[in-house]
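Asker: So here's entry00.csv (CSV, C-alpha atoms).
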```csv
chain,number,residue,atom,x,y,z
A,1451,MET,CA,14.9,-25.6,-23.2
A,1452,THR,CA,12.3,-25.5,-20.5
A,1453,GLU,CA,14.7,-23.9,-18.1
A,1454,THR,CA,15.5,-21.2,-20.6
A,1455,VAL,CA,11.8,-20.4,-21.2
A,1456,LEU,CA,11.1,-20.4,-17.4
A,1457,GLY,CA,14.2,-18.2,-16.9
A,1458,VAL,CA,13.0,-15.7,-19.5
A,1459,VAL,CA,9.5,-15.7,-18.0
A,1460,ALA,CA,10.9,-15.1,-14.5
A,1461,LEU,CA,13.1,-12.3,-15.7
A,1462,VAL,CA,10.3,-10.6,-17.5
A,1463,PHE,CA,7.9,-10.9,-14.5
A,1464,LEU,CA,10.5,-9.7,-12.0
A,1465,VAL,CA,11.5,-6.7,-14.0
A,1466,LEU,CA,7.8,-5.8,-14.7
A,1467,GLY,CA,7.1,-6.1,-11.0
A,1468,THR,CA,10.0,-3.9,-10.1
A,1469,VAL,CA,8.8,-1.3,-12.6
A,1470,ALA,CA,5.3,-1.4,-11.1
A,1471,LEU,CA,6.7,-1.1,-7.6
A,1472,LEU,CA,8.8,2.0,-8.7
A,1473,ILE,CA,5.7,3.5,-10.2
A,1474,ALA,CA,3.8,3.0,-6.9
A,1475,ALA,CA,6.6,4.7,-5.0
A,1476,TRP,CA,6.7,7.5,-7.6
A,1477,GLY,CA,2.9,8.0,-7.2
A,1478,VAL,CA,3.2,8.0,-3.4
A,1479,LEU,CA,5.9,10.7,-3.6
A,1480,ALA,CA,4.5,12.9,-6.3
A,1481,LEU,CA,0.7,12.9,-6.1
A,1482,PRO,CA,-0.8,15.9,-4.3
A,1483,ASP,CA,-3.6,14.4,-2.2
A,1484,ALA,CA,-3.8,11.7,0.5
A,1485,LEU,CA,-6.4,9.7,-1.3
A,1486,ALA,CA,-4.6,10.0,-4.6
A,1487,ARG,CA,-1.5,8.6,-3.0
A,1488,GLN,CA,-3.7,5.8,-1.5
A,1489,HIS,CA,-4.9,5.0,-5.0
A,1490,ALA,CA,-1.3,4.9,-6.4
A,1491,ALA,CA,0.1,2.8,-3.7
A,1492,THR,CA,-2.7,0.2,-3.4
A,1493,LYS,CA,-3.2,-0.6,-7.1
A,1494,ALA,CA,0.3,-0.4,-8.3
A,1495,GLY,CA,1.6,-2.1,-5.1
A,1496,THR,CA,-0.8,-5.1,-5.5
A,1497,LEU,CA,0.2,-5.5,-9.2
A,1498,ALA,CA,3.9,-5.3,-8.2
A,1499,ALA,CA,3.5,-7.9,-5.4
A,1500,SER,CA,1.6,-10.3,-7.7
A,1501,LEU,CA,4.1,-9.9,-10.6
A,1502,ILE,CA,7.1,-10.4,-8.3
A,1503,THR,CA,5.6,-13.5,-6.7
A,1504,LEU,CA,4.7,-15.0,-10.1
A,1505,GLY,CA,8.3,-14.3,-11.3
A,1506,ALA,CA,9.7,-16.0,-8.2
A,1507,MET,CA,7.4,-19.0,-8.8
A,1508,ALA,CA,8.8,-19.2,-12.3
A,1509,ALA,CA,12.3,-19.0,-10.9
A,1510,ALA,CA,11.9,-21.4,-8.0
A,1511,VAL,CA,12.6,-25.1,-8.4
A,1512,ASP,CA,11.1,-26.9,-5.4
A,1513,ALA,CA,7.6,-27.5,-4.1
A,1514,GLY,CA,8.3,-25.8,-0.7
A,1515,SER,CA,9.1,-22.5,-2.4
A,1516,TRP,CA,5.9,-22.8,-4.6
A,1517,ILE,CA,3.7,-23.4,-1.5
A,1518,ARG,CA,5.2,-20.5,0.4
A,1519,LEU,CA,4.9,-18.2,-2.6
A,1520,ILE,CA,1.3,-19.2,-3.1
A,1521,VAL,CA,0.7,-18.4,0.6
A,1522,ILE,CA,2.3,-15.0,0.2
A,1523,LEU,CA,0.2,-14.3,-3.0
A,1524,VAL,CA,-3.1,-15.3,-1.4
A,1525,PHE,CA,-2.3,-13.4,1.8
A,1526,LEU,CA,-1.4,-10.2,0.0
A,1527,PHE,CA,-4.5,-10.4,-2.2
A,1528,ALA,CA,-6.7,-10.9,0.8
A,1529,THR,CA,-5.2,-8.2,3.0
A,1530,LEU,CA,-4.1,-5.3,0.8
A,1531,PRO,CA,-7.7,-4.2,-0.1
A,1532,VAL,CA,-8.7,-4.4,3.5
A,1533,SER,CA,-5.8,-2.3,4.8
A,1534,SER,CA,-6.3,0.1,1.9
A,1535,HIS,CA,-9.9,0.6,2.8
A,1536,MET,CA,-9.2,1.2,6.5
A,1537,LEU,CA,-6.4,3.7,5.5
A,1538,ALA,CA,-8.8,5.6,3.2
A,1539,ARG,CA,-11.4,5.8,5.9
A,1540,ALA,CA,-8.7,7.2,8.3
A,1541,ALA,CA,-7.5,9.7,5.7
A,1542,VAL,CA,-11.0,11.0,5.1
A,1543,GLN,CA,-11.6,11.3,8.8
A,1544,GLU,CA,-8.4,13.1,9.3
A,1545,GLN,CA,-8.9,15.7,6.6
A,1546,ASP,CA,-9.9,19.2,7.5
A,1547,PRO,CA,-13.5,19.5,6.6
A,1548,ASP,CA,-13.2,23.3,5.9
A,1549,ASP,CA,-10.8,23.5,2.9
A,1550,SER,CA,-10.6,20.2,1.0
A,1551,VAL,CA,-14.1,18.9,0.4
A,1552,ASP,CA,-14.3,20.3,-3.1
A,1553,GLU,CA,-11.0,18.7,-4.1
A,1554,VAL,CA,-12.1,15.2,-3.0
A,1555,PRO,CA,-15.7,15.0,-4.3
A,1556,LEU,CA,-15.9,11.2,-4.3
A,1557,ALA,CA,-14.5,10.8,-0.8
A,1558,GLY,CA,-16.4,13.2,1.4
A,1559,GLY,CA,-19.8,11.7,0.5
A,1560,ASP,CA,-21.1,11.9,4.1
A,1561,ARG,CA,-19.8,15.4,4.5
A,1562,SER,CA,-20.6,17.2,1.2
A,1563,PRO,CA,-24.3,18.0,1.8
A,1564,ASN,CA,-23.3,19.9,4.9
A,1565,ALA,CA,-20.5,21.7,3.1
A,1566,LYS,CA,-22.9,22.7,0.4
A,1567,ARG,CA,-25.3,24.0,3.0
A,1568,ASP,CA,-22.5,26.0,4.5
A,1569,GLY,CA,-21.7,27.5,1.1
A,1570,GLU,CA,-25.3,28.7,0.5
B,250,MET,CA,19.8,-14.3,-16.6
B,251,ILE,CA,17.8,-14.8,-13.4
B,252,GLU,CA,20.7,-13.2,-11.5
B,253,PHE,CA,20.0,-10.0,-13.5
B,254,GLY,CA,16.3,-10.1,-12.5
B,255,THR,CA,17.2,-10.6,-8.9
B,256,LEU,CA,19.7,-7.7,-9.0
B,257,VAL,CA,17.1,-5.4,-10.6
B,258,LEU,CA,14.5,-6.5,-8.1
B,259,GLY,CA,16.8,-5.9,-5.1
B,260,ILE,CA,18.0,-2.5,-6.3
B,261,GLY,CA,14.4,-1.4,-7.2
B,262,ALA,CA,13.1,-2.5,-3.8
B,263,ILE,CA,15.8,-0.6,-2.0
B,264,VAL,CA,15.0,2.6,-4.1
B,265,VAL,CA,11.3,2.1,-3.3
B,266,ALA,CA,12.1,1.8,0.4
B,267,ALA,CA,14.1,5.1,0.2
B,268,LEU,CA,11.3,6.9,-1.5
B,269,GLY,CA,8.9,5.6,1.1
B,270,VAL,CA,11.2,6.9,3.9
B,271,ILE,CA,11.1,10.3,2.1
B,272,ARG,CA,7.3,10.3,2.2
B,273,ILE,CA,7.3,9.1,5.9
B,274,VAL,CA,9.5,12.1,6.8
B,275,GLN,CA,7.5,14.7,4.7
B,276,GLY,CA,4.0,13.4,4.8
B,277,PRO,CA,1.6,16.1,6.0
B,278,THR,CA,-0.9,13.7,7.6
B,279,SER,CA,-0.6,10.6,9.6
B,280,ALA,CA,-2.5,8.6,7.0
B,281,ASP,CA,0.3,9.4,4.5
B,282,ARG,CA,2.9,8.1,6.8
B,283,VAL,CA,1.1,4.9,7.4
B,284,LEU,CA,0.5,4.5,3.7
B,285,ALA,CA,4.3,5.0,3.1
B,286,LEU,CA,5.0,2.4,5.8
B,287,ASP,CA,2.7,0.0,4.0
B,288,LEU,CA,4.6,0.5,0.7
B,289,PHE,CA,7.8,0.1,2.7
B,290,LEU,CA,6.7,-3.3,3.9
B,291,THR,CA,5.7,-4.3,0.4
B,292,ALA,CA,9.2,-3.4,-0.7
B,293,ALA,CA,10.6,-5.4,2.2
B,294,VAL,CA,8.6,-8.4,1.0
B,295,ALA,CA,10.0,-8.0,-2.5
B,296,LEU,CA,13.5,-7.7,-1.0
B,297,ALA,CA,13.0,-10.9,0.9
B,298,ILE,CA,11.8,-12.7,-2.2
B,299,ALA,CA,14.9,-11.4,-4.1
B,300,ALA,CA,17.0,-12.8,-1.3
B,301,ALA,CA,15.2,-16.2,-1.5
B,302,ILE,CA,15.8,-16.3,-5.3
B,303,GLY,CA,19.4,-15.1,-5.0
B,304,THR,CA,20.5,-17.6,-2.3
B,305,GLY,CA,18.1,-20.5,-3.1
B,306,ARG,CA,17.0,-20.8,0.5
B,307,THR,CA,13.3,-21.0,1.4
B,308,VAL,CA,13.9,-19.4,4.8
B,309,PHE,CA,13.7,-16.0,3.3
B,310,LEU,CA,10.2,-16.8,2.0
B,311,ASP,CA,9.1,-17.5,5.6
B,312,VAL,CA,10.5,-14.0,6.4
B,313,ALA,CA,8.4,-12.6,3.6
B,314,ILE,CA,5.3,-14.3,5.0
B,315,GLY,CA,6.0,-12.9,8.4
B,316,LEU,CA,6.6,-9.4,7.0
B,317,ALA,CA,3.3,-9.5,5.1
B,318,LEU,CA,1.4,-10.6,8.3
B,319,LEU,CA,3.1,-7.9,10.4
B,320,GLY,CA,2.4,-5.2,7.8
B,321,PHE,CA,-1.3,-6.0,7.6
B,322,VAL,CA,-1.8,-6.0,11.4
B,323,GLY,CA,0.3,-2.8,11.8
B,324,THR,CA,-1.6,-1.0,9.1
B,325,ILE,CA,-5.0,-2.0,10.5
B,326,GLY,CA,-3.9,-0.9,14.0
B,327,TRP,CA,-2.6,2.5,12.8
B,328,ALA,CA,-5.6,3.1,10.6
B,329,ARG,CA,-8.0,2.5,13.5
B,330,LEU,CA,-6.0,4.7,15.8
B,331,ILE,CA,-6.0,7.6,13.3
B,332,ASP,CA,-9.7,7.1,12.7
B,333,ARG,CA,-10.5,7.2,16.4
B,334,ALA,CA,-8.3,10.2,17.1
B,335,ALA,CA,-9.8,12.2,14.2
B,336,GLN,CA,-13.3,11.5,15.4
B,337,ARG,CA,-12.5,12.4,19.0
B,338,SER,CA,-10.8,15.7,18.1
B,339,ARG,CA,-13.9,16.9,16.2
B,340,PRO,CA,-16.9,16.6,18.4
B,341,ALA,CA,-18.6,19.6,16.7
B,342,ASP,CA,-18.4,18.0,13.3
B,343,ASP,CA,-20.1,14.9,14.7
B,344,ASN,CA,-22.9,17.1,15.8
B,345,VAL,CA,-23.2,18.5,12.3
B,346,ARG,CA,-23.2,15.0,10.8
B,347,SER,CA,-25.9,13.7,13.1
B,348,GLY,CA,-28.3,16.4,12.2
B,349,GLY,CA,-27.6,19.1,14.8
B,350,ALA,CA,-27.0,21.8,12.2
B,351,LYS,CA,-30.6,21.8,11.0
B,352,GLU,CA,-31.9,22.6,14.4
B,353,ARG,CA,-29.3,25.3,15.0
B,354,ARG,CA,-29.8,27.2,11.7
B,355,PRO,CA,-33.0,28.9,10.7
```
What's the structure tokens form of this structure?
Answerer:
Amino acid sequence: MTETVLGVVALVFLVLGTVALLIAAWGVLALPDALARQHAATKAGTLAASLITLGAMAAAVDAGSWIRLIVILVFLFATLPVSSHMLARAAVQEQDPDDSVDEVPLAGGDRSPNAKRDGE
Amino acid sequence: MIEFGTLVLGIGAIVVAALGVIRIVQGPTSADRVLALDLFLTAAVALAIAAAIGTGRTVFLDVAIGLALLGFVGTIGWARLIDRAAQRSRPADDNVRSGGAKERRP
């Protein structure tokens, strides 16, 4: 009985994580802007990693697997926001300041006053 | 039943890796390519977890830990490199940002 319940939980979590991972890849492929792609990959990717790890924890049977999966989960939660932040900084720095400031109003905060001055 | 979940996870991770490769080839900026590489490594971690469930060996979970470590360090390194290169290639923009434009314009 318990094995059946755990198997169903593992199956549901693994399938949901796969769907979230596919949504992340779809966003990376389809969204128009570098920062929009960042947003899709980071949030959906973190959700997918946590769901897949939880599903694997429900499917695993021994303590060694649980410890390793907890290490993976904690490490991904600690590092994915940091790497996403660094990549977003790099994307903003890399963008051409002449043409795309109006399209990313939240990102070019240190550049937009100068751009408005250029427009006037 | 869990075999079905493992199969779905494996096929989905391979599809995600293929889509990430498409973005790496297309991507107009370097940040897009590094982002797709990050997603690729997340798919690789998922694939290693699927292998661990499918075979019942915990060695693949060690592989997943190593991949997560490697992906983090690689992404940080590439992001810093892109950041420095973009700053170095636009010295005029740095002038504008540090207040040089006010003095030059009436």
Asker: Suppose you want the space between atom CA of B:Val308 and atom CA of A:Thr1503; what is it in Å?
Answerer: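 Computing the Euclidean distance for atom CA of B:Val308 and atom CA of A:Thr1503 yields 15.4 Å.
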Asker: Using only C-alpha atoms for the distances, tell me which of B:Pro277, B:Leu284, B:Gly259, B:Ile271 is nearest to A:Arg1487.
Answerer: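 Closest residue, counting only C-alpha atoms: B:Leu284.
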Asker: Taking all atoms listed in the file into account, name the residue in B:Ala295, B:Ile273, B:Ala313, B:Leu288 that is nearest to B:Leu256.
Answerer: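 Counting all atoms listed in the file, the residue closest to B:Leu256 is B:Ala295.
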Asker: Neighbours of B:Ala317 within 8 Å (all atoms listed in the file; same-chain residues fewer than 3 positions away dropped), as JSON, numbers by chain?
Answerer: {"A": [1522, 1525, 1526], "B": [290, 291, 294, 313, 314, 320, 321]}
Asker: May I ask you to extract the residues of chain B within 6 Å of chain A, using all atoms listed in the file, and to give them as a ChimeraX atom specification?
Answerer: /B:251,254,258,261,265,272,280,307,314,325,328,331-332,335
Asker: Would you mind reading off the distance between atom CA of B:Asp287 and atom CA of B:Val312, one decimal, in Å?
Answerer: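 Here the two named atoms are 16.2 Å from each other.
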Asker: Go ahead and compute the interatomic distance for atom CA of B:Gln275 and atom CA of A:Pro1482, in Å to one decimal.
Answerer: 12.3 Å
Asker: Nearest to B:Val257: which of B:Val322, B:Leu316, B:Ala285, B:Ala300 is it, counting only C-alpha atoms?
Answerer: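 Once distances to B:Val257 are computed over only C-alpha atoms, the minimum belongs to B:Ala300.
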